[in-house]
file coords-v5.cif (mmCIF, C-alpha atoms and all ligand atoms)
data_start
#
loop_
_atom_site.label_atom_id
_atom_site.label_comp_id
_atom_site.auth_asym_id
_atom_site.auth_seq_id
_atom_site.Cartn_x
_atom_site.Cartn_y
_atom_site.Cartn_z
CA MET X 246 5.44 -24.49 -15.75
CA SER X 247 9.16 -23.72 -15.56
CA ARG X 248 10.93 -25.63 -12.76
CA ARG X 249 12.01 -22.45 -10.99
CA PHE X 250 8.38 -21.56 -10.32
CA ASP X 251 7.43 -25.01 -9.03
CA ARG X 252 7.27 -23.99 -5.40
CA LEU X 253 6.04 -20.44 -5.78
CA THR X 254 3.30 -19.48 -3.34
CA PRO X 255 1.39 -16.63 -4.95
CA TYR X 256 0.11 -13.56 -3.13
CA THR X 257 -3.38 -13.98 -1.66
CA PRO X 258 -5.40 -10.83 -2.32
CA GLY X 259 -8.18 -9.89 0.10
CA GLU X 260 -11.51 -11.53 -0.59
CA GLN X 261 -13.78 -9.94 -3.20
CA PRO X 262 -16.89 -12.09 -2.64
CA VAL X 263 -20.01 -11.74 -4.81
CA ASP X 264 -22.43 -13.98 -2.89
CA LYS X 265 -24.10 -11.01 -1.18
CA PRO X 266 -23.43 -7.32 -0.57
CA TYR X 267 -20.90 -6.74 2.21
CA VAL X 268 -19.69 -3.78 4.18
CA LYS X 269 -16.21 -4.13 2.72
CA LEU X 270 -13.53 -3.27 5.23
CA ASN X 271 -10.94 -5.83 4.14
CA THR X 272 -8.80 -4.37 1.33
CA ASN X 273 -8.17 -0.76 2.41
CA GLU X 274 -10.09 0.74 -0.48
CA SER X 275 -11.46 4.27 -0.22
CA PRO X 276 -15.15 4.59 0.70
CA PHE X 277 -15.34 7.61 -1.63
CA PRO X 278 -15.71 7.55 -5.42
CA PRO X 279 -13.01 9.10 -7.61
CA SER X 280 -13.23 12.83 -8.33
CA ASP X 281 -15.68 14.01 -11.01
CA LYS X 282 -12.65 15.26 -12.93
CA ALA X 283 -11.14 11.75 -12.95
CA ILE X 284 -14.40 10.21 -14.13
CA ALA X 285 -14.88 12.78 -16.91
CA ALA X 286 -11.28 12.44 -18.11
CA ALA X 287 -11.48 8.62 -18.18
CA LYS X 288 -14.81 8.69 -20.05
CA ALA X 289 -13.38 10.99 -22.71
CA GLU X 290 -10.73 8.35 -23.45
CA LEU X 291 -13.29 5.65 -24.29
CA GLU X 292 -13.62 6.76 -27.89
CA ARG X 293 -9.85 6.66 -28.32
CA LEU X 294 -9.45 3.05 -27.24
CA HIS X 295 -8.42 2.05 -30.76
CA LEU X 296 -5.13 3.84 -30.07
CA TYR X 297 -2.37 2.66 -27.74
CA PRO X 298 -1.75 4.79 -24.66
CA ASP X 299 1.28 7.10 -24.47
CA PRO X 300 4.12 4.76 -23.42
CA THR X 301 6.00 7.66 -21.81
CA CYS X 302 2.93 8.47 -19.64
CA GLY X 303 4.11 12.05 -20.19
CA LYS X 304 1.08 14.02 -19.07
CA LEU X 305 0.61 12.03 -15.88
CA ARG X 306 4.30 12.09 -15.02
CA GLY X 307 4.23 15.86 -15.50
CA ALA X 308 1.25 16.19 -13.17
CA LEU X 309 2.85 13.94 -10.55
CA ALA X 310 6.14 15.83 -10.83
CA GLN X 311 4.34 19.09 -10.22
CA ARG X 312 2.37 17.67 -7.31
CA TYR X 313 5.49 16.34 -5.58
CA GLY X 314 7.83 19.21 -6.49
CA VAL X 315 10.23 17.13 -8.59
CA THR X 316 11.16 16.99 -12.28
CA PRO X 317 9.38 14.47 -14.57
CA ASP X 318 12.59 12.46 -15.08
CA ARG X 319 12.29 11.52 -11.38
CA VAL X 320 8.89 9.88 -11.82
CA MET X 321 7.73 6.58 -13.32
CA VAL X 322 4.25 5.11 -13.32
CA GLY X 323 3.06 1.54 -13.01
CA ASN X 324 0.00 -0.68 -13.10
CA GLY X 325 -0.56 -0.23 -9.39
CA SER X 326 2.37 0.32 -7.07
CA ASP X 327 2.59 -3.49 -7.01
CA GLU X 328 4.14 -3.25 -10.45
CA VAL X 329 6.61 -0.56 -9.42
CA LEU X 330 7.60 -2.70 -6.43
CA SER X 331 7.94 -5.72 -8.71
CA PHE X 332 10.34 -3.77 -10.95
CA ALA X 333 12.30 -2.66 -7.88
CA PHE X 334 12.73 -6.28 -6.70
CA MET X 335 13.74 -7.25 -10.25
CA ALA X 336 16.16 -4.33 -10.65
CA TYR X 337 17.89 -4.40 -7.27
CA GLY X 338 17.42 -7.95 -6.01
CA ASP X 339 20.89 -9.30 -6.81
CA ALA X 340 22.30 -7.67 -3.68
CA GLY X 341 19.77 -9.68 -1.66
CA VAL X 342 16.74 -8.04 -0.10
CA ALA X 343 15.61 -7.28 3.44
CA TYR X 344 12.25 -6.43 4.94
CA PRO X 345 10.35 -6.92 8.21
CA ASP X 346 8.73 -10.25 9.10
CA ILE X 347 5.39 -8.52 9.39
CA THR X 348 4.75 -6.29 6.41
CA TYR X 349 3.10 -6.22 3.00
CA GLY X 350 2.75 -9.87 1.95
CA PHE X 351 3.80 -9.23 -1.63
CA TYR X 352 7.45 -8.58 -0.70
CA SER X 353 8.14 -12.24 0.04
CA VAL X 354 6.27 -13.27 -3.10
CA PHE X 355 8.44 -10.99 -5.27
CA ALA X 356 11.57 -12.26 -3.53
CA ASP X 357 10.55 -15.86 -4.33
CA LEU X 358 9.43 -15.02 -7.85
CA TYR X 359 12.82 -13.50 -8.69
CA GLY X 360 14.78 -16.13 -6.73
CA LEU X 361 16.29 -13.58 -4.34
CA ASP X 362 18.08 -14.11 -1.08
CA ALA X 363 15.80 -12.52 1.52
CA LYS X 364 16.69 -11.48 5.06
CA VAL X 365 13.47 -11.26 7.02
CA ILE X 366 13.90 -9.04 10.07
CA PRO X 367 11.52 -9.55 13.02
CA LEU X 368 9.65 -6.51 14.23
CA ARG X 369 9.83 -5.78 17.95
CA GLU X 370 7.26 -7.39 20.21
CA ASP X 371 5.07 -4.25 19.91
CA PHE X 372 5.29 -4.52 16.08
CA SER X 373 7.57 -1.48 15.76
CA VAL X 374 10.58 -1.37 13.43
CA ASN X 375 13.95 -1.15 15.14
CA VAL X 376 15.89 1.21 12.87
CA GLU X 377 19.21 -0.22 14.10
CA ASP X 378 18.30 -3.55 12.45
CA TYR X 379 18.39 -1.85 9.04
CA LYS X 380 21.85 -0.31 9.15
CA GLY X 381 24.66 -1.44 6.86
CA LEU X 382 22.84 -4.54 5.67
CA GLY X 383 24.48 -4.68 2.22
CA ARG X 384 21.06 -5.51 0.79
CA THR X 385 18.19 -3.75 -0.91
CA ILE X 386 15.75 -2.72 1.79
CA PHE X 387 11.98 -2.57 1.49
CA ILE X 388 10.08 -0.64 4.15
CA ALA X 389 6.35 0.02 4.03
CA ASN X 390 5.79 3.33 5.79
CA PRO X 391 3.19 3.30 7.28
CA ASN X 392 3.58 -0.44 7.66
CA ALA X 393 0.82 -2.91 6.85
CA PRO X 394 -1.04 -4.53 8.50
CA THR X 395 0.01 -2.70 11.66
CA GLY X 396 -0.48 0.94 10.56
CA LEU X 397 2.60 2.00 12.53
CA CYS X 398 4.94 4.50 10.93
CA LEU X 399 8.54 5.63 11.13
CA THR X 400 9.43 9.32 11.23
CA LEU X 401 11.14 11.00 8.30
CA ALA X 402 14.28 11.24 10.44
CA GLU X 403 14.24 7.47 10.99
CA ILE X 404 13.81 6.82 7.27
CA GLU X 405 16.73 9.14 6.57
CA GLU X 406 18.84 7.24 9.12
CA ILE X 407 18.18 4.00 7.22
CA VAL X 408 18.93 5.62 3.86
CA THR X 409 22.22 7.15 5.05
CA ALA X 410 23.27 3.92 6.77
CA ASN X 411 23.05 2.02 3.45
CA PRO X 412 24.75 4.34 0.95
CA ASP X 413 25.63 1.54 -1.47
CA ASN X 414 22.21 -0.08 -1.51
CA VAL X 415 18.80 1.00 -2.65
CA VAL X 416 16.22 1.66 0.04
CA VAL X 417 12.63 1.41 -1.17
CA VAL X 418 10.02 3.19 0.93
CA ASP X 419 6.52 2.00 0.09
CA GLU X 420 4.19 4.88 0.88
CA ALA X 421 0.86 3.32 -0.13
CA TYR X 422 -0.73 4.71 3.06
CA VAL X 423 1.30 7.86 3.68
CA ASP X 424 -1.54 10.32 3.04
CA PHE X 425 -3.39 9.23 6.19
CA GLY X 426 -0.92 10.72 8.64
CA GLY X 427 2.62 9.64 7.68
CA GLU X 428 5.53 11.83 6.56
CA SER X 429 6.55 11.32 2.93
CA ALA X 430 10.20 10.67 2.11
CA VAL X 431 9.81 12.13 -1.40
CA VAL X 432 11.54 15.28 -0.10
CA LEU X 433 14.69 13.18 0.45
CA THR X 434 14.88 11.83 -3.11
CA ASP X 435 16.71 14.98 -4.24
CA LYS X 436 19.43 14.43 -1.68
CA TYR X 437 19.93 10.65 -1.83
CA GLN X 438 20.69 8.63 -4.96
CA ASN X 439 19.78 5.35 -3.22
CA LEU X 440 16.19 6.16 -2.26
CA LEU X 441 13.11 5.05 -4.18
CA VAL X 442 9.69 6.07 -2.88
CA THR X 443 6.60 4.31 -4.22
CA GLY X 444 3.05 5.60 -4.05
CA THR X 445 -0.39 4.62 -5.23
CA PHE X 446 -3.72 6.02 -6.39
CA SER X 447 -5.51 3.03 -4.81
CA LYS X 448 -6.06 4.38 -1.30
CA SER X 449 -6.20 8.15 -0.70
CA ARG X 450 -7.08 8.83 -4.36
CA SER X 451 -9.99 6.38 -4.61
CA MET X 452 -8.74 4.57 -7.72
CA ALA X 453 -7.98 0.98 -6.64
CA GLY X 454 -9.96 -0.35 -9.59
CA ALA X 455 -7.95 1.65 -12.11
CA ARG X 456 -4.55 0.21 -11.07
CA LEU X 457 -2.20 3.16 -10.89
CA GLY X 458 0.97 3.55 -8.89
CA PHE X 459 4.19 5.53 -9.18
CA GLY X 460 7.81 5.68 -8.14
CA ILE X 461 9.88 8.77 -7.34
CA ALA X 462 13.67 8.67 -7.17
CA CYS X 463 16.80 10.16 -8.74
CA PRO X 464 16.82 9.99 -12.57
CA SER X 465 19.23 7.05 -12.75
CA LEU X 466 17.06 4.80 -10.55
CA ILE X 467 14.01 5.83 -12.59
CA GLN X 468 15.95 4.92 -15.74
CA ASP X 469 16.60 1.42 -14.35
CA LEU X 470 12.90 0.91 -13.68
CA GLU X 471 11.99 2.31 -17.10
CA THR X 472 14.34 -0.20 -18.75
CA LEU X 473 12.46 -3.01 -17.04
CA ARG X 474 9.09 -1.45 -17.82
CA TYR X 475 9.94 -1.18 -21.52
CA SER X 476 11.24 -4.76 -21.40
CA THR X 477 8.02 -6.03 -19.83
CA ASN X 478 5.10 -3.95 -21.06
CA PRO X 479 5.60 -0.39 -22.35
CA TYR X 480 1.82 0.08 -22.37
CA ASN X 481 1.47 -0.96 -18.75
CA VAL X 482 -1.01 1.80 -17.88
CA ASN X 483 -4.10 2.04 -20.04
CA ARG X 484 -5.57 5.23 -21.53
CA MET X 485 -8.51 5.51 -19.14
CA THR X 486 -6.33 5.06 -16.10
CA LEU X 487 -3.75 7.61 -17.28
CA ALA X 488 -6.56 10.12 -17.86
CA ALA X 489 -8.28 9.35 -14.55
CA GLY X 490 -4.90 9.82 -12.86
CA TRP X 491 -4.35 13.36 -14.05
CA GLY X 492 -8.05 14.17 -13.52
CA GLN X 493 -7.73 13.01 -9.92
CA LEU X 494 -4.53 14.99 -9.41
CA ALA X 495 -6.36 18.11 -10.54
CA ASP X 496 -8.57 17.66 -7.47
CA GLU X 497 -6.08 17.26 -4.64
CA GLU X 498 -8.30 19.29 -2.33
CA THR X 499 -10.98 16.56 -2.49
CA THR X 500 -8.31 13.95 -1.82
CA ARG X 501 -7.13 15.95 1.20
CA GLN X 502 -10.67 16.26 2.56
CA ASN X 503 -11.34 12.55 2.04
CA CYS X 504 -8.16 11.69 3.94
CA GLN X 505 -9.23 13.98 6.77
CA THR X 506 -12.62 12.25 6.95
CA VAL X 507 -10.90 8.85 7.09
CA MET X 508 -8.58 10.07 9.84
CA ASP X 509 -11.58 11.41 11.82
CA ASN X 510 -13.38 8.08 11.36
CA ARG X 511 -10.22 6.26 12.44
CA ALA X 512 -10.08 8.23 15.70
CA TYR X 513 -13.79 7.54 16.26
CA THR X 514 -13.46 3.81 15.53
CA THR X 515 -10.35 3.49 17.71
CA GLU X 516 -12.15 5.17 20.61
CA LYS X 517 -15.26 2.98 20.31
CA LEU X 518 -13.27 -0.25 19.90
CA THR X 519 -11.15 0.65 22.90
CA GLU X 520 -14.30 1.24 24.95
CA MET X 521 -15.41 -2.29 24.02
CA GLY X 522 -12.15 -3.73 25.37
CA PHE X 523 -10.07 -3.88 22.18
CA ASP X 524 -6.38 -3.16 22.00
CA VAL X 525 -5.98 -0.99 18.89
CA ILE X 526 -2.51 -0.26 17.54
CA PRO X 527 -2.15 3.49 16.87
CA SER X 528 -2.47 3.79 13.11
CA CYS X 529 -1.18 6.28 10.53
CA ALA X 530 -3.04 4.44 7.75
CA ASN X 531 -6.61 3.97 6.50
CA PHE X 532 -7.02 0.85 8.62
CA VAL X 533 -6.58 -0.24 12.22
CA PHE X 534 -5.08 -3.46 13.52
CA ALA X 535 -6.97 -4.58 16.58
CA THR X 536 -7.33 -7.48 18.98
CA CYS X 537 -9.86 -8.23 21.69
CA PRO X 538 -9.21 -10.52 24.68
CA LYS X 539 -12.92 -11.42 24.79
CA ILE X 540 -12.94 -13.24 21.43
CA GLU X 541 -10.43 -15.03 19.20
CA GLY X 542 -9.33 -13.09 16.13
CA LYS X 543 -10.56 -15.69 13.67
CA ALA X 544 -13.91 -16.14 15.43
CA LEU X 545 -14.54 -12.41 15.27
CA TYR X 546 -13.62 -12.32 11.57
CA LEU X 547 -16.01 -15.22 10.82
CA LYS X 548 -18.88 -13.81 12.86
CA LEU X 549 -18.49 -10.41 11.23
CA LYS X 550 -18.53 -12.07 7.83
CA GLU X 551 -21.74 -13.85 8.77
CA ALA X 552 -23.16 -10.46 9.69
CA GLY X 553 -22.19 -9.09 6.26
CA ILE X 554 -19.04 -7.24 7.31
CA LEU X 555 -15.69 -8.17 5.84
CA VAL X 556 -12.43 -7.48 7.64
CA ARG X 557 -9.00 -9.01 7.00
CA HIS X 558 -7.69 -11.82 9.16
CA PHE X 559 -4.17 -13.26 8.84
CA ASP X 560 -3.85 -16.83 10.01
CA THR X 561 -0.23 -16.68 11.19
CA GLU X 562 1.04 -17.28 14.71
CA ARG X 563 1.96 -13.65 15.46
CA LEU X 564 -1.09 -12.08 13.84
CA LYS X 565 -3.92 -14.53 14.40
CA GLU X 566 -5.47 -12.71 17.37
CA TYR X 567 -5.77 -9.50 15.35
CA ASN X 568 -7.98 -8.25 12.56
CA ARG X 569 -7.15 -5.50 10.13
CA ILE X 570 -10.13 -3.23 9.70
CA THR X 571 -10.27 -0.72 6.85
CA ILE X 572 -11.56 2.69 7.85
CA GLY X 573 -14.54 3.54 5.68
CA SER X 574 -17.42 5.99 5.95
CA ARG X 575 -19.00 6.79 9.32
CA ALA X 576 -22.02 4.66 8.37
CA GLN X 577 -19.76 1.69 7.57
CA MET X 578 -17.89 2.10 10.85
CA ASP X 579 -21.16 2.30 12.78
CA ALA X 580 -22.33 -0.91 11.10
CA LEU X 581 -19.07 -2.58 12.16
CA LEU X 582 -19.29 -1.29 15.74
CA THR X 583 -22.93 -2.37 16.12
CA ALA X 584 -22.12 -5.83 14.78
CA ILE X 585 -19.15 -6.20 17.14
CA LYS X 586 -21.27 -5.13 20.10
CA THR X 587 -23.89 -7.79 19.21
CA ILE X 588 -21.22 -10.46 18.76
CA LEU X 589 -19.55 -9.68 22.10
CA GLU X 590 -22.88 -9.67 23.93
CA ALA X 591 -23.95 -13.05 22.51
N1 LIG B 1 2.03 -1.46 -0.63
C1 LIG B 1 1.26 -1.79 0.42
C2 LIG B 1 1.85 -1.70 1.79
C3 LIG B 1 -0.06 -2.20 0.22
O1 LIG B 1 -0.83 -2.56 1.27
C4 LIG B 1 -0.57 -2.26 -1.08
C5 LIG B 1 -2.02 -2.64 -1.32
N2 LIG B 1 -2.36 -3.94 -1.26
C6 LIG B 1 0.28 -1.94 -2.15
C7 LIG B 1 1.56 -1.53 -1.88
C8 LIG B 1 -0.13 -2.08 -3.58
O2 LIG B 1 -1.13 -1.22 -3.94
P1 LIG B 1 -1.50 -0.96 -5.44
O3 LIG B 1 -0.86 -2.00 -6.30
O4 LIG B 1 -2.98 -1.01 -5.48
O5 LIG B 1 -0.94 0.41 -5.74
#
call {"tool": "encode", "arguments": {"input": "coords-v5.cif", "output": "structure tokens"}}
result
Amino acid sequence: MSRRFDRLTPYTPGEQPVDKPYVKLNTNESPFPPSDKAIAAAKAELERLHLYPDPTCGKLRGALAQRYGVTPDRVMVGNGSDEVLSFAFMAYGDAGVAYPDITYGFYSVFADLYGLDAKVIPLREDFSVNVEDYKGLGRTIFIANPNAPTGLCLTLAEIEEIVTANPDNVVVVDEAYVDFGGESAVVLTDKYQNLLVTGTFSKSRSMAGARLGFGIACPSLIQDLETLRYSTNPYNVNRMTLAAGWGQLADEETTRQNCQTVMDNRAYTTEKLTEMGFDVIPSCANFVFATCPKIEGKALYLKLKEAGILVRHFDTERLKEYNRITIGSRAQMDALLTAIKTILEA
């Protein structure tokens, strides 16, 4: 191993255990399968697997461009939005990077991987982002909006404030969860040359297993990312995933309905957890971040696991009393709520 990677602590993905079937509420996947159109399009590609995929990802970029009301030269696609974010850290890291102390855990891994100087900015006590902390930093800024694992979001006006306050630096807005109630900043990418918005098919579009993400920005930022993509792996998105992507985009109405169901289930779960004495942070995402004074965060996580329900627990000082609970189907949420009731009564 090269010396510079000696002390790298890799990202820890959520558990994917195989010892028994679980109600999986730990990695913010969609409870719904992909659209029939996505499945049919991916299947049709199977017999063409002897051929490389289109390195320009032309058809998918066209479909994304149409969906988001931009031109295709403003879109790039990646193997999950993780890859797009990785390219963004690689491309714009020399200025130093900045992100909140509590946010998507991969940011600090990318910063370490690329040897970048990182300014980690504490969230307020209530886990909200103080926009003033992100003005004139002289660094590349990464903001997950909605944030993870809190689910809190900034308004479009607040995002614009950050973008305008850093005209000479790139601001990356990670919108993995935006379809569950946030406001997308894609509309600002026409106006600002320093804004990159990333998105994913893993959450609202039910394709976590396919690994598909995208970035939208002005053409020159997209060109930078494309240079890195072609210098890393021009065939980064496989044929089946490309096809599933445009199949899924042809069914945005199903995506919209699925998001609505998740939002309804989120309101339901929040209400029931609150009734049981939980403090639930208001979420704009497909998960809630919740704590209960009656039981320690880790104990609840372990007891739920024993009962066959997986949620995500983070063992850090500021987060250890909380659990992040993915919002799934109503049946999954009822299973969670029943298990919690039993645990609290015991
Ligand atoms: N951003 C955030 C905030 C996330 O939580 C995730 C999912 N773990 C990602 C990006 C990456 O998602 P994907 O690579 O599946 O697109």
call {"tool": "residues_around", "arguments": {"input": "coords-v5.cif", "residues": "X:Glu590", "least_positions_apart": "5", "cutoff": "12 Å", "atoms": "only C-alpha atoms", "output": "ChimeraX atom specification"}}
result
/X:521,539-540,583-585
call {"tool": "atom_distance", "arguments": {"input": "coords-v5.cif", "atom1": "atom CA of X:Tyr256", "atom2": "atom CA of X:Val423"}}
result
22.5 Å
call {"tool": "closest_residue", "arguments": {"input": "coords-v5.cif", "among": "X:Arg319, X:Lys282, X:Arg369, X:Arg312", "to": "X:Thr434", "atoms": "all atoms listed in the file"}}
result
X:Arg319
call {"tool": "atom_distance", "arguments": {"input": "coords-v5.cif", "atom1": "atom CA of X:Gly341", "atom2": "atom CA of X:Arg384"}}
result
5.0 Å
call {"tool": "residues_around", "arguments": {"input": "coords-v5.cif", "residues": "X:Cys537", "least_positions_apart": "5", "cutoff": "10 Å", "atoms": "all atoms listed in the file", "output": "PyMOL selection string"}}
result
chain X and resi 518-519+521-525+542+545+566-568+589
call {"tool": "atom_distance", "arguments": {"input": "coords-v5.cif", "atom1": "atom CA of X:Tyr513", "atom2": "atom CA of X:Arg557"}}
result
19.6 Å
call {"tool": "residues_near_ligand", "arguments": {"input": "coords-v5.cif", "ligand": "ligand LIG 1 (chain B)", "cutoff": "6 Å", "atoms": "all atoms listed in the file", "output": "list of chain:residue names"}}
result
X:Gly325, X:Ser326, X:Asp327, X:Tyr349, X:Ala389, X:Ala393, X:Asp419, X:Ala421, X:Thr445, X:Ser447, X:Ala453, X:Arg456, X:Leu457, X:Gly458
call {"tool": "residues_around", "arguments": {"input": "coords-v5.cif", "residues": "X:Ala336", "least_positions_apart": "4", "cutoff": "10 Å", "atoms": "only C-alpha atoms", "output": "NGL selection string"}}
result
:X and (330-332 or 340 or 359 or 385 or 415 or 466 or 469-470 or 472-473)
call {"tool": "residues_around", "arguments": {"input": "coords-v5.cif", "residues": "X:Leu440", "least_positions_apart": "2", "cutoff": "9 Å", "atoms": "only C-alpha atoms", "output": "JSON, numbers by chain"}}
result
{"X": [408, 414, 415, 416, 417, 418, 430, 431, 433, 434, 436, 437, 438, 442, 461, 462, 463, 466]}
call {"tool": "closest_residue", "arguments": {"input": "coords-v5.cif", "among": "X:Val342, X:Leu581, X:Cys302, X:Met452", "to": "X:Leu382", "atoms": "only C-alpha atoms"}}
result
X:Val342
call {"tool": "residues_near_point", "arguments": {"input": "coords-v5.cif", "point": "(-15.7, 9.7, -8.9)", "cutoff": "12 Å", "atoms": "only C-alpha atoms", "output": "list in words"}}
result
Ser275, Pro276, Phe277, Pro278, Pro279, Ser280, Asp281, Lys282, Ala283, Ile284, Ala285, Ala286, Ala287, Lys288, Arg450, Ser451, Met452, Ala453, Gly454, Ala455, Ala489, Gly490, Gly492, Gln493, Asp496, Thr499 and Thr500 of chain X
call {"tool": "write_last_selection", "arguments": {"input": "coords-v5.cif", "atoms": "C-alpha atoms", "output": "compact mmCIF listing (two decimals), in the frame of the given file"}}
result
# COMPACT_ATOMS: atom_id res chain seq x y z
CA SER X 275 -11.46 4.27 -0.22
CA PRO X 276 -15.15 4.59 0.70
CA PHE X 277 -15.34 7.61 -1.63
CA PRO X 278 -15.71 7.55 -5.42
CA PRO X 279 -13.01 9.10 -7.61
CA SER X 280 -13.23 12.83 -8.33
CA ASP X 281 -15.68 14.01 -11.01
CA LYS X 282 -12.65 15.26 -12.93
CA ALA X 283 -11.14 11.75 -12.95
CA ILE X 284 -14.40 10.21 -14.13
CA ALA X 285 -14.88 12.78 -16.91
CA ALA X 286 -11.28 12.44 -18.11
CA ALA X 287 -11.48 8.62 -18.18
CA LYS X 288 -14.81 8.69 -20.05
CA ARG X 450 -7.08 8.83 -4.36
CA SER X 451 -9.99 6.38 -4.61
CA MET X 452 -8.74 4.57 -7.72
CA ALA X 453 -7.98 0.98 -6.64
CA GLY X 454 -9.96 -0.35 -9.59
CA ALA X 455 -7.95 1.65 -12.11
CA ALA X 489 -8.28 9.35 -14.55
CA GLY X 490 -4.90 9.82 -12.86
CA GLY X 492 -8.05 14.17 -13.52
CA GLN X 493 -7.73 13.01 -9.92
CA ASP X 496 -8.57 17.66 -7.47
CA THR X 499 -10.98 16.56 -2.49
CA THR X 500 -8.31 13.95 -1.82
call {"tool": "closest_residue", "arguments": {"input": "coords-v5.cif", "among": "X:Leu564, X:Leu487, X:Cys529, X:Ile467", "to": "X:Val320", "atoms": "all atoms listed in the file"}}
result
X:Ile467
call {"tool": "closest_residue", "arguments": {"input": "coords-v5.cif", "among": "X:Val556, X:Ala410, X:Ala488, X:Ala356", "to": "X:Leu253", "atoms": "all atoms listed in the file"}}
result
X:Ala356
call {"tool": "closest_residue", "arguments": {"input": "coords-v5.cif", "among": "X:Ser528, X:Gln577, X:Asn481, X:Asn271", "to": "X:Ser373", "atoms": "only C-alpha atoms"}}
result
X:Ser528
call {"tool": "residues_around", "arguments": {"input": "coords-v5.cif", "residues": "stretch 394-398 of chain X", "least_positions_apart": "2", "cutoff": "10 Å", "atoms": "only C-alpha atoms", "output": "PyMOL selection string"}}
result
chain X and resi 347-350+371-374+388-392+400-401+403-404+422-423+425-428+525-535+557-559+564+567-570
call {"tool": "residues_near_point", "arguments": {"input": "coords-v5.cif", "point": "(3.6, 6.3, -24.4)", "cutoff": "12 Å", "atoms": "all atoms listed in the file", "output": "list in words"}}
result
Leu296, Tyr297, Pro298, Asp299, Pro300, Thr301, Cys302, Gly303, Lys304, Leu305, Arg306, Met321, Val322, Glu471, Arg474, Tyr475, Asn478, Pro479, Tyr480, Asn481, Val482, Asn483, Arg484 and Leu487 of chain X
call {"tool": "write_last_selection", "arguments": {"input": "coords-v5.cif", "atoms": "C-alpha atoms", "output": "compact mmCIF listing (two decimals), in the frame of the given file"}}
result
# COMPACT_ATOMS: atom_id res chain seq x y z
CA LEU X 296 -5.13 3.84 -30.07
CA TYR X 297 -2.37 2.66 -27.74
CA PRO X 298 -1.75 4.79 -24.66
CA ASP X 299 1.28 7.10 -24.47
CA PRO X 300 4.12 4.76 -23.42
CA THR X 301 6.00 7.66 -21.81
CA CYS X 302 2.93 8.47 -19.64
CA GLY X 303 4.11 12.05 -20.19
CA LYS X 304 1.08 14.02 -19.07
CA LEU X 305 0.61 12.03 -15.88
CA ARG X 306 4.30 12.09 -15.02
CA MET X 321 7.73 6.58 -13.32
CA VAL X 322 4.25 5.11 -13.32
CA GLU X 471 11.99 2.31 -17.10
CA ARG X 474 9.09 -1.45 -17.82
CA TYR X 475 9.94 -1.18 -21.52
CA ASN X 478 5.10 -3.95 -21.06
CA PRO X 479 5.60 -0.39 -22.35
CA TYR X 480 1.82 0.08 -22.37
CA ASN X 481 1.47 -0.96 -18.75
CA VAL X 482 -1.01 1.80 -17.88
CA ASN X 483 -4.10 2.04 -20.04
CA ARG X 484 -5.57 5.23 -21.53
CA LEU X 487 -3.75 7.61 -17.28
